[in-house]
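Visitor: Take this structure first; my questions come after.
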Amino acid sequence: MSVLGTLLDEWRVALDSEAKESNQPRLLLVMSGHHTPSLDSVSYPINAMKSNLDWVHLNSYDYSTPTKTNVIYPQAALNDPLNRGINTNTAIKEWINIGFPVSKLVLGLPYHGYAWTLADPKDNRIGALASGPAVTIDGSMAYRHVKWFITSNGYGVDSTYNDTYVVNFCTIGQSWFNFDDVEAIRAKVSYAKKMGLLGYNVFQVGNDDNWVLSRAAHAEDGNRHQKKKRLLIIVLITTAMFIILLVAILGIFKMLKSSLYKLGNVSAAENLDNHASNLQILSYTTVKNATDNFSCQNKLGEGGYGPVYKGKLRRGQEIAVKRLSTTSNQGLEEFKNEVTLTANLQHINLVRVIGFCTEREEKMLVYEYMPNKSLDFYLFDPARRHMLDWNKRVIIIEGITQGLLYLQEYSNHTIVHRDLKASNILLDHQMNPKISDFSMARFLRKDELEANTGRIIGTYGYVPPEYVKKGIYSMKYDVYSFGVLLLQIISGKRNTSLHGLNENLNLSEYAFELWKEGQSMCFVESTLDDSSSSCKILRCMHVALLCVQENPVDRPSMLAVSLMLKNEATAIIRPKKPAFSIREDDEFDKEQLKGKARVVLLMVPMVTSGVQFATTLGRDETKD
């Protein structure tokens with residue numbers, strides 16, 4: 001480290017000389033350093049750093065990661081009362097104790113976290129055994145990805161803030177997450193102020209989720225005091241005018257508040273009612289009483305839009321209430337879209353919307369209650385997935401197919417759902433599936449094949465490439481999402497993890513590789529490994545691979561999908577490589593492109609009951 005000290009001395013002399021000769025302010029000399037004043041048992045050149053550096057960024061994170069240790073521990077703990085691991089408070093005090101100016105220290109805030117795989121899902125205590133990383137190869141996840149993962153996969157689960165360690169925890173199945181959420185960021189910024197540190201820096205701001213953490217840090221940093229001071233000066237200068245104006249406004253507001261408030265609510269409700277005459281307009285009081293004042297005991301879960309509550313109307317009807325949060329990324333347009341779009345949809349495999357409420361500036365949708373929660377609640381949980389045997393999964397697949405077929409072919413408009421995923425497939429008391437959440441859905445005219453949007457939204461892993469790259473959506477958008485969902489139903493695997501020997505393949509590419517190698521049953525969930533149903537399962541897998549092809553033209557329509565799944569005589573072509581593949585087409589795929597595609601007939605029907613179609617497709621499905 002002596003070499004580093006010499007370099008700092010030379011750089012400072014050079015910078016001072018340059019500033020003097022150019023008659024310009026002196027350039028800052030800043031260094032990013034280890035959280036402690038030593039690295040690998042070698043101490044930093046403290047004297048040279050004190051003399052030459054303007055400040056030091058401390059990397060106050062990554063203390064413990066799934067690839068370093070086999071026990072779970074917060075990766076950026078501020079404190080540790082048991083001193084079982086490294087923590088920020090102890091590290092900073094080491095810097096202070098060796099004489100480094102506290103005013104030159106800058107606290108590092110991590111906008112990322114880590115996911116661990118618990119050795120025992122029932123033991124998630126600090127220091128519990130872990131078997132390695134989860135979700136990603138090394139377990140590291142950006143804050144926005146952690147929040148998305150919890151929202152999408154942790155049905156009814158939320159993170160817990162621990163004010164002892166100053167970190168957020170969350171356990172979903174066998175995965176344990178630790179990261180800094182809003183509470184931890186605020187506490188750390190407050191700690192930096194209390195200790196007299198120069199400030200804080202962020203690694204990396206791009207990991208934030210819609211600036212949530214950055215706004216929390218800024219609010220805690222004290223900039224509000226300067227704003228209050230400036231506001232006070234303005235108020236003092238214009239006191240007389242302000243008071244007169246304020247009194248007038250308050251008087252007018254007091255007289256008109258009630259009438260305007262009621263008028264606004266009636267106007268909003270009437271505006272929606274014009275497009276949703278089939279739905280009930282429920283009062284705020286009715287919904288509040290039905291949910292027991294939105295009690296925690298009645299909370300079913302929470303998504304990006306806000307919380308969902310269970311309730312019961314006076315006549316005994318059980319309901320689910322989706323209450324749009326004020327901090328939600330979804331707004332009034334998405335709310336209106338879902339109300340107007342779902343008002344006239346009537347199908348056994350679509351969740352029925354009963355009514356809505358817009359009183360008191362609320363935006364609430366009231367649905368029929370689904371007692372068995374969502375598909376992901378069972379599909380990805382080791383303890384519950386056995387409840388979905390193959391017969392039940394066939395019913396679920398068929399129901400989703402019929403729901404999408406209704407949206408695309410048999411409703412008054414062609415409807416593209418745009419957010420088909422396991423968590424949006426709800427299950428009724430008989431485990432029949434119902435597609436839910438139409439906030440992102442869009443209409444297409446019957447003569448319209450596709451549309452375009454500049455606002456790219458959707459759930460990672462279910463979005464087709466043409467939408468990601470060009471904002472194009474069509475019926476083939478939902479076909480792609482259905483293909484991904486079908487692969488998940490077959491394998492019981494999430495599409496956020498990587499698979500294969502080198503753990504570098506997404507779910508659809510992993511399925512494609514096994515299918516090409518004739519090892520398709522290796523992809524199937526172990527509880528479904530039944531010789532009596534293997535042909536049916538493989539047929540579903542084959543259809544799914546057709547649905548996730550890169551080119552939307554190559555994907556079959558939902559009508560064709562329904563025929564292939566139901567009719568054993570329907571021809572199924574060989575699929576091309578899936579979208580987002582990292583590997584090029586092999587010789588087999590090139591033969592297919594030359595027109596030598598072979599047709600495979602699986603003579604075993606997927607279902608043994610219900611209507612069996614007797615016709616076959618009279619065209620080349622590669623040109624669907």
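Residues are named by chain letter and number: chains run A, B, ... in the order of the structure tokens, numbers start at 1 in each chain, and ligands are numbered from 1 in the order shown.
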Can you pull out every residue within 6 Å of range 293-299 of chain A, counting only C-alpha atoms, but drop anything in the same chain fewer than 6 positions away, and send it as a ChimeraX atom specification?
Guide: /A:308-310
Visitor: Using the selection just defined, write its residues with N, CA and C atoms as an mmCIF file, in the first residue's frame.
Guide:
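Produced file selection.cif, reproduced below:
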data_model
loop_
_atom_site.group_PDB
_atom_site.id
_atom_site.type_symbol
_atom_site.label_atom_id
_atom_site.label_comp_id
_atom_site.auth_asym_id
_atom_site.auth_seq_id
_atom_site.Cartn_x
_atom_site.Cartn_y
_atom_site.Cartn_z
ATOM 1 N N VAL A 308 -55.016 -6.431 -2.223
ATOM 2 C CA VAL A 308 -56.271 -7.112 -2.538
ATOM 3 C C VAL A 308 -56.848 -7.660 -1.238
ATOM 4 N N TYR A 309 -58.143 -7.394 -1.003
ATOM 5 C CA TYR A 309 -58.788 -7.810 0.241
ATOM 6 C C TYR A 309 -59.953 -8.758 -0.041
ATOM 7 N N LYS A 310 -60.146 -9.677 0.892
ATOM 8 C CA LYS A 310 -61.338 -10.523 0.857
ATOM 9 C C LYS A 310 -62.458 -9.799 1.586
#
Visitor: Give the strand (DSSP E or B) residues of range 78-235 of chain A, as assigned by DSSP on the backbone, as a VMD selection string.
Guide: chain A and resid 105 to 110 112 to 118 129 to 133 140 to 142 160 to 162 167 to 172 175 to 179 199 to 203
Visitor: Mind dumping the selected residues with N, CA and C atoms as a short mmCIF file (atom, residue, chain, number, x, y, z; two decimals), in the first residue's frame?
Guide:
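Below is the file again-v4.cif, written as the result:
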data_model
loop_
_atom_site.label_atom_id
_atom_site.label_comp_id
_atom_site.auth_asym_id
_atom_site.auth_seq_id
_atom_site.Cartn_x
_atom_site.Cartn_y
_atom_site.Cartn_z
N LEU A 105 -15.57 10.78 4.98
CA LEU A 105 -16.10 9.44 4.72
C LEU A 105 -17.49 9.54 4.08
N VAL A 106 -17.71 8.75 3.07
CA VAL A 106 -19.00 8.71 2.38
C VAL A 106 -19.55 7.28 2.45
N LEU A 107 -20.75 7.15 2.98
CA LEU A 107 -21.37 5.83 3.19
C LEU A 107 -21.92 5.27 1.87
N GLY A 108 -21.62 4.01 1.59
CA GLY A 108 -22.14 3.36 0.40
C GLY A 108 -23.48 2.71 0.66
N LEU A 109 -24.46 2.99 -0.21
CA LEU A 109 -25.79 2.39 -0.10
C LEU A 109 -25.99 1.40 -1.25
N PRO A 110 -26.29 0.15 -0.94
CA PRO A 110 -26.49 -0.84 -2.01
C PRO A 110 -27.93 -0.83 -2.51
N HIS A 112 -29.05 -3.17 -4.26
CA HIS A 112 -29.16 -4.56 -4.68
C HIS A 112 -29.23 -5.45 -3.44
N GLY A 113 -29.57 -6.69 -3.65
CA GLY A 113 -29.63 -7.65 -2.56
C GLY A 113 -29.20 -9.03 -3.05
N TYR A 114 -29.41 -10.04 -2.17
CA TYR A 114 -29.00 -11.40 -2.53
C TYR A 114 -30.10 -12.40 -2.17
N ALA A 115 -30.17 -13.45 -2.97
CA ALA A 115 -31.12 -14.53 -2.73
C ALA A 115 -30.36 -15.81 -2.41
N TRP A 116 -30.73 -16.45 -1.31
CA TRP A 116 -30.09 -17.68 -0.85
C TRP A 116 -31.08 -18.83 -0.95
N THR A 117 -30.58 -20.03 -1.10
CA THR A 117 -31.40 -21.23 -1.01
C THR A 117 -31.22 -21.84 0.38
N LEU A 118 -32.31 -21.89 1.13
CA LEU A 118 -32.25 -22.40 2.50
C LEU A 118 -32.05 -23.92 2.50
N LEU A 129 -28.36 -22.48 7.98
CA LEU A 129 -27.60 -23.09 6.88
C LEU A 129 -28.26 -22.81 5.53
N ALA A 130 -27.42 -22.60 4.52
CA ALA A 130 -27.89 -22.40 3.16
C ALA A 130 -27.12 -23.33 2.23
N SER A 131 -27.75 -23.66 1.10
CA SER A 131 -27.11 -24.57 0.15
C SER A 131 -26.58 -23.86 -1.08
N GLY A 132 -26.62 -22.52 -1.06
CA GLY A 132 -26.09 -21.76 -2.19
C GLY A 132 -27.03 -20.66 -2.61
N PRO A 133 -26.75 -20.03 -3.77
CA PRO A 133 -27.58 -18.93 -4.25
C PRO A 133 -28.92 -19.42 -4.80
N SER A 140 -27.14 -12.56 -6.70
CA SER A 140 -27.27 -11.11 -6.68
C SER A 140 -28.47 -10.67 -7.51
N MET A 141 -29.20 -9.67 -6.99
CA MET A 141 -30.38 -9.16 -7.68
C MET A 141 -30.51 -7.67 -7.44
N ALA A 142 -30.79 -6.92 -8.51
CA ALA A 142 -31.06 -5.49 -8.37
C ALA A 142 -32.31 -5.29 -7.52
N THR A 160 -39.96 -8.07 5.45
CA THR A 160 -39.99 -7.62 6.84
C THR A 160 -38.75 -6.77 7.12
N TYR A 161 -38.97 -5.60 7.71
CA TYR A 161 -37.85 -4.73 8.04
C TYR A 161 -37.34 -5.08 9.44
N ASN A 162 -36.03 -5.31 9.55
CA ASN A 162 -35.39 -5.61 10.83
C ASN A 162 -34.57 -4.40 11.25
N VAL A 167 -32.05 -3.93 7.79
CA VAL A 167 -32.10 -4.61 6.50
C VAL A 167 -33.49 -5.21 6.36
N ASN A 168 -33.89 -5.51 5.13
CA ASN A 168 -35.18 -6.14 4.87
C ASN A 168 -34.98 -7.61 4.50
N PHE A 169 -35.85 -8.47 5.04
CA PHE A 169 -35.79 -9.90 4.77
C PHE A 169 -37.09 -10.34 4.10
N CYS A 170 -37.02 -11.43 3.37
CA CYS A 170 -38.23 -12.04 2.82
C CYS A 170 -37.93 -13.50 2.50
N THR A 171 -38.85 -14.39 2.84
CA THR A 171 -38.70 -15.82 2.52
C THR A 171 -39.85 -16.25 1.63
N ILE A 172 -39.53 -16.82 0.47
CA ILE A 172 -40.53 -17.35 -0.45
C ILE A 172 -40.14 -18.80 -0.75
N SER A 175 -36.41 -19.97 -0.82
CA SER A 175 -35.51 -18.85 -1.12
C SER A 175 -35.61 -17.78 -0.05
N TRP A 176 -34.46 -17.28 0.38
CA TRP A 176 -34.38 -16.22 1.41
C TRP A 176 -33.69 -15.00 0.79
N PHE A 177 -34.36 -13.85 0.87
CA PHE A 177 -33.85 -12.63 0.26
C PHE A 177 -33.48 -11.63 1.35
N ASN A 178 -32.36 -10.91 1.16
CA ASN A 178 -32.07 -9.77 2.02
C ASN A 178 -31.63 -8.62 1.13
N PHE A 179 -32.15 -7.44 1.46
CA PHE A 179 -31.88 -6.26 0.65
C PHE A 179 -32.26 -5.01 1.45
N GLY A 199 -21.47 12.32 3.53
CA GLY A 199 -22.71 12.02 2.81
C GLY A 199 -22.82 10.55 2.50
N TYR A 200 -23.49 10.26 1.40
CA TYR A 200 -23.69 8.87 0.98
C TYR A 200 -23.60 8.78 -0.53
N ASN A 201 -23.23 7.60 -1.03
CA ASN A 201 -23.25 7.35 -2.47
C ASN A 201 -24.00 6.06 -2.73
N VAL A 202 -24.39 5.85 -3.97
CA VAL A 202 -25.27 4.74 -4.32
C VAL A 202 -24.59 3.80 -5.30
N PHE A 203 -24.77 2.50 -5.08
CA PHE A 203 -24.31 1.48 -6.03
C PHE A 203 -25.49 0.53 -6.30
#
Visitor: Using only C-alpha atoms, pick whichever of A:Ile96, A:Asn52, A:Pro45, A:Asn124 has the shortest atom-to-atom distance to Ala14 in chain A.
Guide: A:Asn52
Visitor: Give me the residues within 8 Å of Ile395 in chain A as a PyMOL selection string, counting only C-alpha atoms and dropping any in the same chain fewer than 3 places off.
Guide: chain A and resi 391-392+398-399+432-433
Visitor: Go ahead and write the selection's residues with N, CA and C atoms as a PDB file, in the first residue's frame.
Guide:
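Ended up saving to again.pdb:
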ATOM      1  N   ASN A 391     -54.054 -34.686 -14.127  1.00  0.00           N
ATOM      2  CA  ASN A 391     -55.454 -34.482 -14.520  1.00  0.00           C
ATOM      3  C   ASN A 391     -55.906 -33.067 -14.197  1.00  0.00           C
ATOM      4  N   LYS A 392     -55.525 -32.575 -13.014  1.00  0.00           N
ATOM      5  CA  LYS A 392     -55.884 -31.203 -12.641  1.00  0.00           C
ATOM      6  C   LYS A 392     -55.174 -30.198 -13.552  1.00  0.00           C
ATOM      7  N   GLU A 398     -56.630 -26.586 -20.286  1.00  0.00           N
ATOM      8  CA  GLU A 398     -57.797 -26.473 -21.155  1.00  0.00           C
ATOM      9  C   GLU A 398     -58.592 -25.202 -20.842  1.00  0.00           C
ATOM     10  N   GLY A 399     -58.743 -24.884 -19.544  1.00  0.00           N
ATOM     11  CA  GLY A 399     -59.492 -23.696 -19.161  1.00  0.00           C
ATOM     12  C   GLY A 399     -58.823 -22.413 -19.636  1.00  0.00           C
ATOM     13  N   ASN A 432     -60.910 -24.869 -10.957  1.00  0.00           N
ATOM     14  CA  ASN A 432     -61.033 -24.452 -12.352  1.00  0.00           C
ATOM     15  C   ASN A 432     -60.346 -23.100 -12.534  1.00  0.00           C
ATOM     16  N   PRO A 433     -59.630 -22.908 -13.631  1.00  0.00           N
ATOM     17  CA  PRO A 433     -58.864 -21.672 -13.804  1.00  0.00           C
ATOM     18  C   PRO A 433     -59.706 -20.528 -14.342  1.00  0.00           C
TER      19      PRO A 433
END
Visitor: To one decimal place in Å, what is the distance between CA of Glu550 in chain A and CA of Tyr480 in chain A?
Guide: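 If I compute the distance from CA of Glu550 in chain A to CA of Tyr480 in chain A, I get 8.9 Å.
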